[in-house]
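J.: If it helps, the file is called input.pdb and holds PDB, C-alpha atoms:
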```pdb
ATOM      1  CA  MET A   1      15.668   0.307 -14.107
ATOM      2  CA  ARG A   2      12.327  -1.297 -13.210
ATOM      3  CA  LEU A   3      14.012  -4.348 -11.685
ATOM      4  CA  SER A   4      16.167  -2.200  -9.418
ATOM      5  CA  ARG A   5      13.124  -0.243  -8.173
ATOM      6  CA  LYS A   6      11.332  -3.472  -7.363
ATOM      7  CA  ALA A   7      14.416  -4.812  -5.588
ATOM      8  CA  LEU A   8      14.673  -1.572  -3.594
ATOM      9  CA  ARG A   9      10.995  -1.759  -2.596
ATOM     10  CA  THR A  10      11.387  -5.391  -1.560
ATOM     11  CA  TRP A  11      14.435  -4.501   0.532
ATOM     12  CA  GLY A  12      12.523  -1.581   2.078
ATOM     13  CA  ARG A  13       9.628  -3.864   3.076
ATOM     14  CA  LYS A  14      12.055  -6.313   4.680
ATOM     15  CA  HIS A  15      13.921  -3.540   6.537
ATOM     16  CA  PRO A  16      11.350  -0.765   7.098
ATOM     17  CA  TYR A  17      13.104   0.969   9.993
ATOM     18  CA  LEU A  18      16.511   1.032   8.324
ATOM     19  CA  GLY A  19      14.986   2.094   4.993
ATOM     20  CA  ALA A  20      13.094   4.949   6.650
ATOM     21  CA  PHE A  21      16.198   6.038   8.558
ATOM     22  CA  ILE A  22      18.371   6.082   5.421
ATOM     23  CA  GLY A  23      15.691   8.044   3.564
ATOM     24  CA  LEU A  24      15.437  10.592   6.375
ATOM     25  CA  VAL A  25      19.226  11.000   6.559
ATOM     26  CA  VAL A  26      19.475  11.560   2.799
ATOM     27  CA  ILE A  27      16.668  14.123   2.820
ATOM     28  CA  ALA A  28      18.116  15.884   5.879
ATOM     29  CA  THR A  29      21.608  15.957   4.342
ATOM     30  CA  VAL A  30      20.368  17.497   1.100
ATOM     31  CA  SER A  31      18.119  20.026   2.822
ATOM     32  CA  THR A  32      20.821  20.976   5.360
ATOM     33  CA  ALA A  33      23.372  21.449   2.568
ATOM     34  CA  ALA A  34      20.930  23.653   0.653
ATOM     35  CA  TRP A  35      20.126  25.628   3.802
ATOM     36  CA  LEU A  36      23.851  26.117   4.486
ATOM     37  CA  ALA A  37      24.459  27.310   0.929
ATOM     38  CA  LEU A  38      21.488  29.659   0.735
ATOM     39  CA  SER A  39      20.776  30.975   4.226
ATOM     40  CA  GLY A  40      24.001  32.597   5.329
ATOM     41  CA  ARG A  41      23.332  31.414   8.911
ATOM     42  CA  GLU A  42      25.891  29.934  11.251
ATOM     43  CA  PRO A  43      26.849  26.417  10.096
ATOM     44  CA  GLY A  44      26.590  25.008  13.628
ATOM     45  CA  SER A  45      22.965  26.072  14.116
ATOM     46  CA  VAL A  46      21.963  24.827  10.649
ATOM     47  CA  ILE A  47      23.562  21.411  11.248
ATOM     48  CA  LEU A  48      21.988  21.168  14.718
ATOM     49  CA  SER A  49      18.607  22.026  13.222
ATOM     50  CA  GLY A  50      19.058  19.358  10.527
ATOM     51  CA  LEU A  51      19.987  16.717  13.119
ATOM     52  CA  SER A  52      17.052  17.603  15.352
ATOM     53  CA  ASN A  53      14.698  17.339  12.347
ATOM     54  CA  VAL A  54      16.030  13.830  11.619
ATOM     55  CA  VAL A  55      15.391  12.771  15.228
ATOM     56  CA  VAL A  56      11.843  14.194  15.297
ATOM     57  CA  TYR A  57      10.863  12.715  11.922
ATOM     58  CA  TRP A  58      12.498   9.402  12.834
ATOM     59  CA  LEU A  59      10.388   9.152  15.998
ATOM     60  CA  ILE A  60       7.208   9.934  14.043
ATOM     61  CA  THR A  61       8.152   7.308  11.451
ATOM     62  CA  VAL A  62       8.857   4.650  14.085
ATOM     63  CA  VAL A  63       5.459   5.224  15.716
ATOM     64  CA  TYR A  64       3.733   4.998  12.311
ATOM     65  CA  LEU A  65       5.607   1.837  11.271
ATOM     66  CA  ARG A  66       4.847   0.094  14.575
ATOM     67  CA  ALA A  67       1.147   0.954  14.357
ATOM     68  CA  THR A  68       1.005  -0.281  10.758
ATOM     69  CA  ARG A  69       2.729  -3.567  11.604
ATOM     70  CA  LYS A  70       0.472  -4.127  14.613
ATOM     71  CA  GLU A  71      -2.636  -3.469  12.543
ATOM     72  CA  ARG A  72      -1.450  -5.794   9.744
ATOM     73  CA  LYS A  73      -0.798  -8.595  12.279
ATOM     74  CA  GLU A  74      -4.211  -8.134  13.896
ATOM     75  CA  LEU A  75      -5.991  -8.250  10.539
ATOM     76  CA  ALA A  76      -3.933 -11.244   9.352
ATOM     77  CA  GLY A  77      -4.798 -13.045  12.594
ATOM     78  CA  LYS A  78      -8.474 -12.735  11.610
ATOM     79  CA  GLY A  79      -7.729 -13.763   8.008
ATOM     80  CA  GLN A  80      -8.369 -10.211   6.791
ATOM     81  CA  LEU A  81      -6.356  -7.598   4.936
ATOM     82  CA  ARG A  82      -6.421  -3.861   4.367
ATOM     83  CA  ALA A  83      -7.036  -3.307   0.688
ATOM     84  CA  PHE A  84      -8.509  -1.064  -1.976
ATOM     85  CA  ILE A  85     -10.981  -2.058  -4.664
ATOM     86  CA  ARG A  86     -12.322  -0.460  -7.784
ATOM     87  CA  TYR A  87     -14.537  -1.443 -10.669
ATOM     88  CA  PRO A  88     -12.571  -0.772 -13.877
ATOM     89  CA  ASP A  89     -15.663  -1.123 -16.099
ATOM     90  CA  SER A  90     -17.655   1.550 -14.238
ATOM     91  CA  LEU A  91     -18.759   4.737 -15.957
ATOM     92  CA  PRO A  92     -16.090   7.458 -16.334
ATOM     93  CA  GLY A  93     -16.114   9.798 -13.326
ATOM     94  CA  SER A  94     -17.950   7.292 -11.133
ATOM     95  CA  LEU A  95     -16.710   6.840  -7.563
ATOM     96  CA  SER A  96     -16.668   3.104  -8.272
ATOM     97  CA  GLY A  97     -13.807   3.740 -10.705
ATOM     98  CA  ILE A  98     -11.426   5.022  -8.028
ATOM     99  CA  TRP A  99      -9.632   3.003  -5.357
ATOM    100  CA  ASN A 100     -11.873   2.665  -2.300
ATOM    101  CA  PRO A 101     -10.317   1.612   1.034
ATOM    102  CA  GLY A 102     -11.623  -1.166   3.195
ATOM    103  CA  VAL A 103     -11.081  -4.508   4.859
ATOM    104  CA  VAL A 104     -11.197  -7.695   2.786
ATOM    105  CA  SER A 105     -12.133 -11.084   4.226
ATOM    106  CA  PRO A 106     -11.256 -13.816   1.708
ATOM    107  CA  THR A 107     -12.603 -17.356   1.980
ATOM    108  CA  GLU A 108     -12.672 -20.203  -0.498
ATOM    109  CA  GLY A 109     -14.421 -18.949  -3.637
ATOM    110  CA  THR A 110     -15.651 -15.721  -2.028
ATOM    111  CA  LEU A 111     -14.479 -12.363  -0.840
ATOM    112  CA  ARG A 112     -16.161  -9.863   1.493
ATOM    113  CA  PHE A 113     -15.260  -6.187   1.183
ATOM    114  CA  GLN A 114     -16.193  -3.837   4.016
ATOM    115  CA  PRO A 115     -15.626  -0.175   3.060
ATOM    116  CA  ALA A 116     -13.712   1.631   5.800
ATOM    117  CA  VAL A 117     -12.099   4.944   6.649
ATOM    118  CA  TYR A 118      -8.475   4.370   5.668
ATOM    119  CA  GLU A 119      -6.701   5.674   8.771
ATOM    120  CA  SER A 120      -8.891   4.066  11.419
ATOM    121  CA  LEU A 121     -10.457   1.186   9.469
ATOM    122  CA  GLU A 122     -13.810   2.297  10.901
ATOM    123  CA  SER A 123     -16.569   0.665   8.855
ATOM    124  CA  VAL A 124     -18.593   2.897   6.553
ATOM    125  CA  GLY A 125     -21.443   1.693   4.386
ATOM    126  CA  ARG A 126     -22.549  -1.832   3.644
ATOM    127  CA  ALA A 127     -20.243  -4.743   3.009
ATOM    128  CA  THR A 128     -20.207  -6.352  -0.439
ATOM    129  CA  ASN A 129     -19.867 -10.093  -0.937
ATOM    130  CA  PHE A 130     -18.285 -11.356  -4.147
ATOM    131  CA  THR A 131     -18.251 -14.851  -5.580
ATOM    132  CA  VAL A 132     -14.808 -15.120  -7.170
ATOM    133  CA  ALA A 133     -14.369 -17.221 -10.310
ATOM    134  CA  ASP A 134     -10.769 -16.263 -11.070
ATOM    135  CA  VAL A 135      -7.808 -14.292  -9.721
ATOM    136  CA  SER A 136      -5.254 -12.836 -12.146
ATOM    137  CA  GLU A 137      -1.515 -12.636 -11.691
ATOM    138  CA  ARG A 138      -0.204  -9.723  -9.638
ATOM    139  CA  TRP A 139       1.219  -6.547 -11.041
ATOM    140  CA  THR A 140       2.837  -3.516  -9.442
ATOM    141  CA  ILE A 141       0.682  -0.407  -9.510
ATOM    142  CA  THR A 142       2.369   2.456 -11.342
ATOM    143  CA  GLY A 143       1.543   5.757 -13.012
ATOM    144  CA  LYS A 144      -2.088   6.820 -13.177
ATOM    145  CA  ASP A 145      -3.212   3.637 -11.422
ATOM    146  CA  ARG A 146      -1.644   5.040  -8.217
ATOM    147  CA  LYS A 147      -4.166   7.888  -8.062
ATOM    148  CA  TYR A 148      -6.267   7.766  -4.861
ATOM    149  CA  LEU A 149      -3.912   5.296  -3.170
ATOM    150  CA  PRO A 150      -1.820   6.295  -0.140
ATOM    151  CA  ALA A 151       1.586   7.741  -0.953
ATOM    152  CA  SER A 152       3.590   4.715   0.133
ATOM    153  CA  ALA A 153       4.932   2.874  -2.883
ATOM    154  CA  GLY A 154       4.880  -0.801  -3.621
ATOM    155  CA  TYR A 155       1.202  -1.652  -3.862
ATOM    156  CA  GLU A 156       0.410  -4.616  -6.055
ATOM    157  CA  ALA A 157      -2.940  -5.512  -7.548
ATOM    158  CA  VAL A 158      -4.902  -8.411  -8.944
ATOM    159  CA  THR A 159      -8.014  -8.517 -11.072
ATOM    160  CA  LEU A 160     -10.874 -10.644  -9.810
ATOM    161  CA  ALA A 161     -13.501 -12.143 -12.099
ATOM    162  CA  THR A 162     -16.586 -12.027  -9.861
ATOM    163  CA  ASP A 163     -20.342 -12.392  -9.996
ATOM    164  CA  LYS A 164     -20.493  -8.566  -9.962
ATOM    165  CA  GLY A 165     -18.089  -8.131 -12.882
ATOM    166  CA  LYS A 166     -14.400  -7.360 -13.029
ATOM    167  CA  VAL A 167     -12.962  -5.971  -9.770
ATOM    168  CA  LYS A 168      -9.415  -4.759  -9.178
ATOM    169  CA  LEU A 169      -7.987  -5.234  -5.695
ATOM    170  CA  ALA A 170      -4.802  -3.499  -4.488
ATOM    171  CA  ALA A 171      -2.838  -4.138  -1.304
ATOM    172  CA  SER A 172       0.685  -4.674  -0.049
ATOM    173  CA  PRO A 173       2.347  -7.825  -1.423
ATOM    174  CA  GLU A 174       2.281  -9.433   2.015
ATOM    175  CA  SER A 175      -1.455  -8.793   2.324
ATOM    176  CA  LEU A 176      -2.148 -10.188  -1.151
ATOM    177  CA  ASP A 177      -0.620 -13.478   0.008
ATOM    178  CA  LEU A 178      -3.795 -13.958   2.095
ATOM    179  CA  LEU A 179      -5.855 -14.200  -1.116
ATOM    180  CA  ALA A 180      -4.468 -17.696  -1.669
ATOM    181  CA  VAL A 181      -7.468 -19.091   0.239
ATOM    182  CA  ILE A 182      -9.803 -17.980  -2.561
ATOM    183  CA  ARG A 183      -8.304 -20.213  -5.218
ATOM    184  CA  PRO A 184      -4.735 -21.377  -4.695
ATOM    185  CA  PRO A 185      -2.386 -20.734  -6.371
ATOM    186  CA  ILE A 186      -3.004 -17.137  -7.419
ATOM    187  CA  GLY A 187      -2.494 -16.441 -11.104
ATOM    188  CA  GLN A 188      -3.235 -19.813 -12.693
ATOM    189  CA  ASP A 189      -5.839 -18.523 -15.141
ATOM    190  CA  ASP A 190      -4.954 -14.951 -16.026
ATOM    191  CA  PRO A 191      -7.978 -13.168 -17.569
ATOM    192  CA  GLY A 192      -5.658 -11.067 -19.742
ATOM    193  CA  ALA A 193      -2.510  -9.009 -19.606
ATOM    194  CA  HIS A 194      -2.551  -7.839 -15.966
ATOM    195  CA  GLY A 195      -6.312  -8.111 -16.145
ATOM    196  CA  HIS A 196      -6.406  -4.520 -17.432
TER     197      HIS A 196
END
```
As structure tokens, how would this structure be written, given the file I've shared?

T.:
Amino acid sequence: MRLSRKALRTWGRKHPYLGAFIGLVVIATVSTAAWLALSGREPGSVILSGLSNVVVYWLITVVYLRATRKERKELAGKGQLRAFIRYPDSLPGSLSGIWNPGVVSPTEGTLRFQPAVYESLESVGRATNFTVADVSERWTITGKDRKYLPASAGYEAVTLATDKGKVKLAASPESLDLLAVIRPPIGQDDPGAHGH
């Protein structure tokens, strides 16, 4: 089952518009069928309403996907990526223990994390520079690890052994490819099972 989910996510990343459209059609079909069965309204008006909802949500999705792709290209052009970090060894309940959004600028042996407002990437707070000794293999974020991450599925993470301790970094798989400049290839010296 896990392999098929990963394959589906990979396909969805390769075909975001088609994946979003299929998802919207499935949701609209199920909700329209339920509305037809439970509402007692005219079938024509319920079907028309379902179709118009698909069109509206599709347009919203297209605008969002285009903005996300444009932003990812702009950041990649600067050698940066949108990511989330957390310090797994922080005290329980500490804000350092949750995923914090920002922009990461990796260079050979170092990484700069600038905290940012997720939606706009507007900088907030001071940037943190890390000297990176090791980068673990990637793993897909699941279960409780997903808490405080955006709803979209498919984030992967790595654990970084840094001068400031163990740091977990999560991003899209495509964005994590940019970490190769730190110490290519990623995952040669895994600090433990998934670095957990």

J.: Once the PyMOL selection byres ((chain A and resi 118-135) around 6) is applied to the coordinates I shared, what remains selected? I want it as a list in words.

T.: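 Evaluating the PyMOL selection byres ((chain A and resi 118-135) around 6) on these coordinates yields Pro101, Gly109, Thr110, Leu111, Arg112, Phe113, Gln114, Pro115, Ala116, Val117, Ser136, Thr159, Leu160, Ala161, Thr162, Asp163 and Gly187 of chain A.
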
J.: Measure the distance from CA of Ala83 (chain A) to CA of Leu169 (chain A) in Å and round it to one decimal.

T.: 6.7 Å

J.: So that I can see what lies close to Val62 (chain A), please list as a list in words the residues with an atom at most 12 Å from it, counting all atoms listed in the file and leaving out residues fewer than 2 positions away in the same chain.

T.: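 Those residues are Pro16, Tyr17, Leu18, Gly19, Ala20, Phe21, Leu24, Val54, Val55, Val56, Tyr57, Trp58, Leu59, Ile60, Tyr64, Leu65, Arg66, Ala67, Thr68 and Arg69 of chain A.
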
J.: What's the separation between CA of Arg72 (chain A) and CA of Trp99 (chain A), in Å to one decimal place?

T.: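 About the pair CA of Arg72 (chain A) and CA of Trp99 (chain A): they are 19.3 Å apart.
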
J.: Excluding region 140-155 of chain A and any residue of its chain fewer than 5 positions from it, enumerate the residues within 10 Å of it, using all atoms listed in the file, and give them as a PyMOL selection string.

T.: chain A and resi 5-6+8-10+12-13+83-84+98-101+118+170-176+194

J.: Store the residues picked out above in a file with C-alpha atoms, as a PDB file, in the coordinates of the input.

T.:
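The file below, part10.pdb, is the result:
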```pdb
ATOM      1  CA  ARG A   5      13.124  -0.243  -8.173  1.00  0.00           C
ATOM      2  CA  LYS A   6      11.332  -3.472  -7.363  1.00  0.00           C
ATOM      3  CA  LEU A   8      14.673  -1.572  -3.594  1.00  0.00           C
ATOM      4  CA  ARG A   9      10.995  -1.759  -2.596  1.00  0.00           C
ATOM      5  CA  THR A  10      11.387  -5.391  -1.560  1.00  0.00           C
ATOM      6  CA  GLY A  12      12.523  -1.581   2.078  1.00  0.00           C
ATOM      7  CA  ARG A  13       9.628  -3.864   3.076  1.00  0.00           C
ATOM      8  CA  ALA A  83      -7.036  -3.307   0.688  1.00  0.00           C
ATOM      9  CA  PHE A  84      -8.509  -1.064  -1.976  1.00  0.00           C
ATOM     10  CA  ILE A  98     -11.426   5.022  -8.028  1.00  0.00           C
ATOM     11  CA  TRP A  99      -9.632   3.003  -5.357  1.00  0.00           C
ATOM     12  CA  ASN A 100     -11.873   2.665  -2.300  1.00  0.00           C
ATOM     13  CA  PRO A 101     -10.317   1.612   1.034  1.00  0.00           C
ATOM     14  CA  TYR A 118      -8.475   4.370   5.668  1.00  0.00           C
ATOM     15  CA  ALA A 170      -4.802  -3.499  -4.488  1.00  0.00           C
ATOM     16  CA  ALA A 171      -2.838  -4.138  -1.304  1.00  0.00           C
ATOM     17  CA  SER A 172       0.685  -4.674  -0.049  1.00  0.00           C
ATOM     18  CA  PRO A 173       2.347  -7.825  -1.423  1.00  0.00           C
ATOM     19  CA  GLU A 174       2.281  -9.433   2.015  1.00  0.00           C
ATOM     20  CA  SER A 175      -1.455  -8.793   2.324  1.00  0.00           C
ATOM     21  CA  LEU A 176      -2.148 -10.188  -1.151  1.00  0.00           C
ATOM     22  CA  HIS A 194      -2.551  -7.839 -15.966  1.00  0.00           C
TER      23      HIS A 194
END
```

J.: Some atoms are absent from region 127-138 of chain A, so rebuild all heavy atoms and return them as an mmCIF file, keeping the file's coordinate frame.

T.:
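Okay, selection.cif is ready:
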```
data_model
loop_
_atom_site.group_PDB
_atom_site.id
_atom_site.type_symbol
_atom_site.label_atom_id
_atom_site.label_comp_id
_atom_site.auth_asym_id
_atom_site.auth_seq_id
_atom_site.Cartn_x
_atom_site.Cartn_y
_atom_site.Cartn_z
ATOM 1 N N ALA A 127 -21.241 -3.823 3.562
ATOM 2 C CA ALA A 127 -20.243 -4.743 3.009
ATOM 3 C C ALA A 127 -20.779 -5.337 1.713
ATOM 4 O O ALA A 127 -21.989 -5.448 1.519
ATOM 5 C CB ALA A 127 -19.933 -5.845 4.007
ATOM 6 N N THR A 128 -19.851 -5.710 0.825
ATOM 7 C CA THR A 128 -20.207 -6.352 -0.439
ATOM 8 C C THR A 128 -19.571 -7.731 -0.475
ATOM 9 O O THR A 128 -18.380 -7.872 -0.208
ATOM 10 C CB THR A 128 -19.696 -5.516 -1.637
ATOM 11 O OG1 THR A 128 -20.221 -4.191 -1.530
ATOM 12 C CG2 THR A 128 -20.124 -6.129 -2.947
ATOM 13 N N ASN A 129 -20.368 -8.725 -0.804
ATOM 14 C CA ASN A 129 -19.867 -10.093 -0.937
ATOM 15 C C ASN A 129 -19.714 -10.417 -2.417
ATOM 16 O O ASN A 129 -20.612 -10.143 -3.215
ATOM 17 C CB ASN A 129 -20.831 -11.084 -0.284
ATOM 18 C CG ASN A 129 -20.889 -10.887 1.213
ATOM 19 O OD1 ASN A 129 -19.862 -10.859 1.878
ATOM 20 N ND2 ASN A 129 -22.080 -10.736 1.747
ATOM 21 N N PHE A 130 -18.573 -10.981 -2.768
ATOM 22 C CA PHE A 130 -18.285 -11.356 -4.147
ATOM 23 C C PHE A 130 -18.072 -12.862 -4.224
ATOM 24 O O PHE A 130 -17.397 -13.434 -3.365
ATOM 25 C CB PHE A 130 -16.991 -10.692 -4.647
ATOM 26 C CG PHE A 130 -17.025 -9.197 -4.650
ATOM 27 C CD1 PHE A 130 -16.476 -8.463 -3.606
ATOM 28 C CD2 PHE A 130 -17.586 -8.505 -5.717
ATOM 29 C CE1 PHE A 130 -16.488 -7.085 -3.611
ATOM 30 C CE2 PHE A 130 -17.606 -7.113 -5.729
ATOM 31 C CZ PHE A 130 -17.053 -6.404 -4.678
ATOM 32 N N THR A 131 -18.611 -13.482 -5.256
ATOM 33 C CA THR A 131 -18.251 -14.851 -5.580
ATOM 34 C C THR A 131 -17.149 -14.742 -6.624
ATOM 35 O O THR A 131 -17.334 -14.120 -7.672
ATOM 36 C CB THR A 131 -19.455 -15.627 -6.155
ATOM 37 O OG1 THR A 131 -20.484 -15.622 -5.171
ATOM 38 C CG2 THR A 131 -19.068 -17.054 -6.503
ATOM 39 N N VAL A 132 -15.987 -15.295 -6.323
ATOM 40 C CA VAL A 132 -14.808 -15.120 -7.170
ATOM 41 C C VAL A 132 -14.597 -16.353 -8.038
ATOM 42 O O VAL A 132 -14.428 -17.461 -7.527
ATOM 43 C CB VAL A 132 -13.551 -14.843 -6.310
ATOM 44 C CG1 VAL A 132 -12.327 -14.639 -7.192
ATOM 45 C CG2 VAL A 132 -13.772 -13.631 -5.420
ATOM 46 N N ALA A 133 -14.594 -16.130 -9.366
ATOM 47 C CA ALA A 133 -14.369 -17.221 -10.310
ATOM 48 C C ALA A 133 -12.892 -17.348 -10.670
ATOM 49 O O ALA A 133 -12.419 -18.445 -10.947
ATOM 50 C CB ALA A 133 -15.187 -16.991 -11.578
ATOM 51 N N ASP A 134 -12.162 -16.218 -10.656
ATOM 52 C CA ASP A 134 -10.769 -16.263 -11.070
ATOM 53 C C ASP A 134 -10.005 -15.092 -10.456
ATOM 54 O O ASP A 134 -10.570 -14.028 -10.210
ATOM 55 C CB ASP A 134 -10.668 -16.194 -12.593
ATOM 56 C CG ASP A 134 -9.289 -16.582 -13.098
ATOM 57 O OD1 ASP A 134 -8.536 -17.249 -12.358
ATOM 58 O OD2 ASP A 134 -8.962 -16.209 -14.237
ATOM 59 N N VAL A 135 -8.713 -15.310 -10.239
ATOM 60 C CA VAL A 135 -7.808 -14.292 -9.721
ATOM 61 C C VAL A 135 -6.625 -14.202 -10.681
ATOM 62 O O VAL A 135 -5.980 -15.210 -10.961
ATOM 63 C CB VAL A 135 -7.290 -14.651 -8.305
ATOM 64 C CG1 VAL A 135 -6.360 -13.574 -7.777
ATOM 65 C CG2 VAL A 135 -8.453 -14.871 -7.355
ATOM 66 N N SER A 136 -6.351 -13.005 -11.196
ATOM 67 C CA SER A 136 -5.254 -12.836 -12.146
ATOM 68 C C SER A 136 -3.902 -12.868 -11.447
ATOM 69 O O SER A 136 -3.822 -12.886 -10.223
ATOM 70 C CB SER A 136 -5.393 -11.498 -12.879
ATOM 71 O OG SER A 136 -5.027 -10.424 -12.021
ATOM 72 N N GLU A 137 -2.857 -12.805 -12.250
ATOM 73 C CA GLU A 137 -1.515 -12.636 -11.691
ATOM 74 C C GLU A 137 -1.399 -11.227 -11.130
ATOM 75 O O GLU A 137 -2.122 -10.326 -11.527
ATOM 76 C CB GLU A 137 -0.466 -12.853 -12.780
ATOM 77 C CG GLU A 137 -0.382 -14.292 -13.237
ATOM 78 C CD GLU A 137 0.755 -14.500 -14.225
ATOM 79 O OE1 GLU A 137 1.784 -13.815 -14.101
ATOM 80 O OE2 GLU A 137 0.592 -15.352 -15.106
ATOM 81 N N ARG A 138 -0.444 -11.040 -10.247
ATOM 82 C CA ARG A 138 -0.204 -9.723 -9.638
ATOM 83 C C ARG A 138 0.562 -8.817 -10.582
ATOM 84 O O ARG A 138 1.331 -9.278 -11.404
ATOM 85 C CB ARG A 138 0.637 -9.865 -8.378
ATOM 86 C CG ARG A 138 0.018 -10.661 -7.302
ATOM 87 C CD ARG A 138 0.985 -10.751 -6.151
ATOM 88 N NE ARG A 138 0.463 -11.645 -5.141
ATOM 89 C CZ ARG A 138 0.950 -11.729 -3.938
ATOM 90 N NH1 ARG A 138 1.978 -10.996 -3.585
ATOM 91 N NH2 ARG A 138 0.424 -12.554 -3.073
#
```
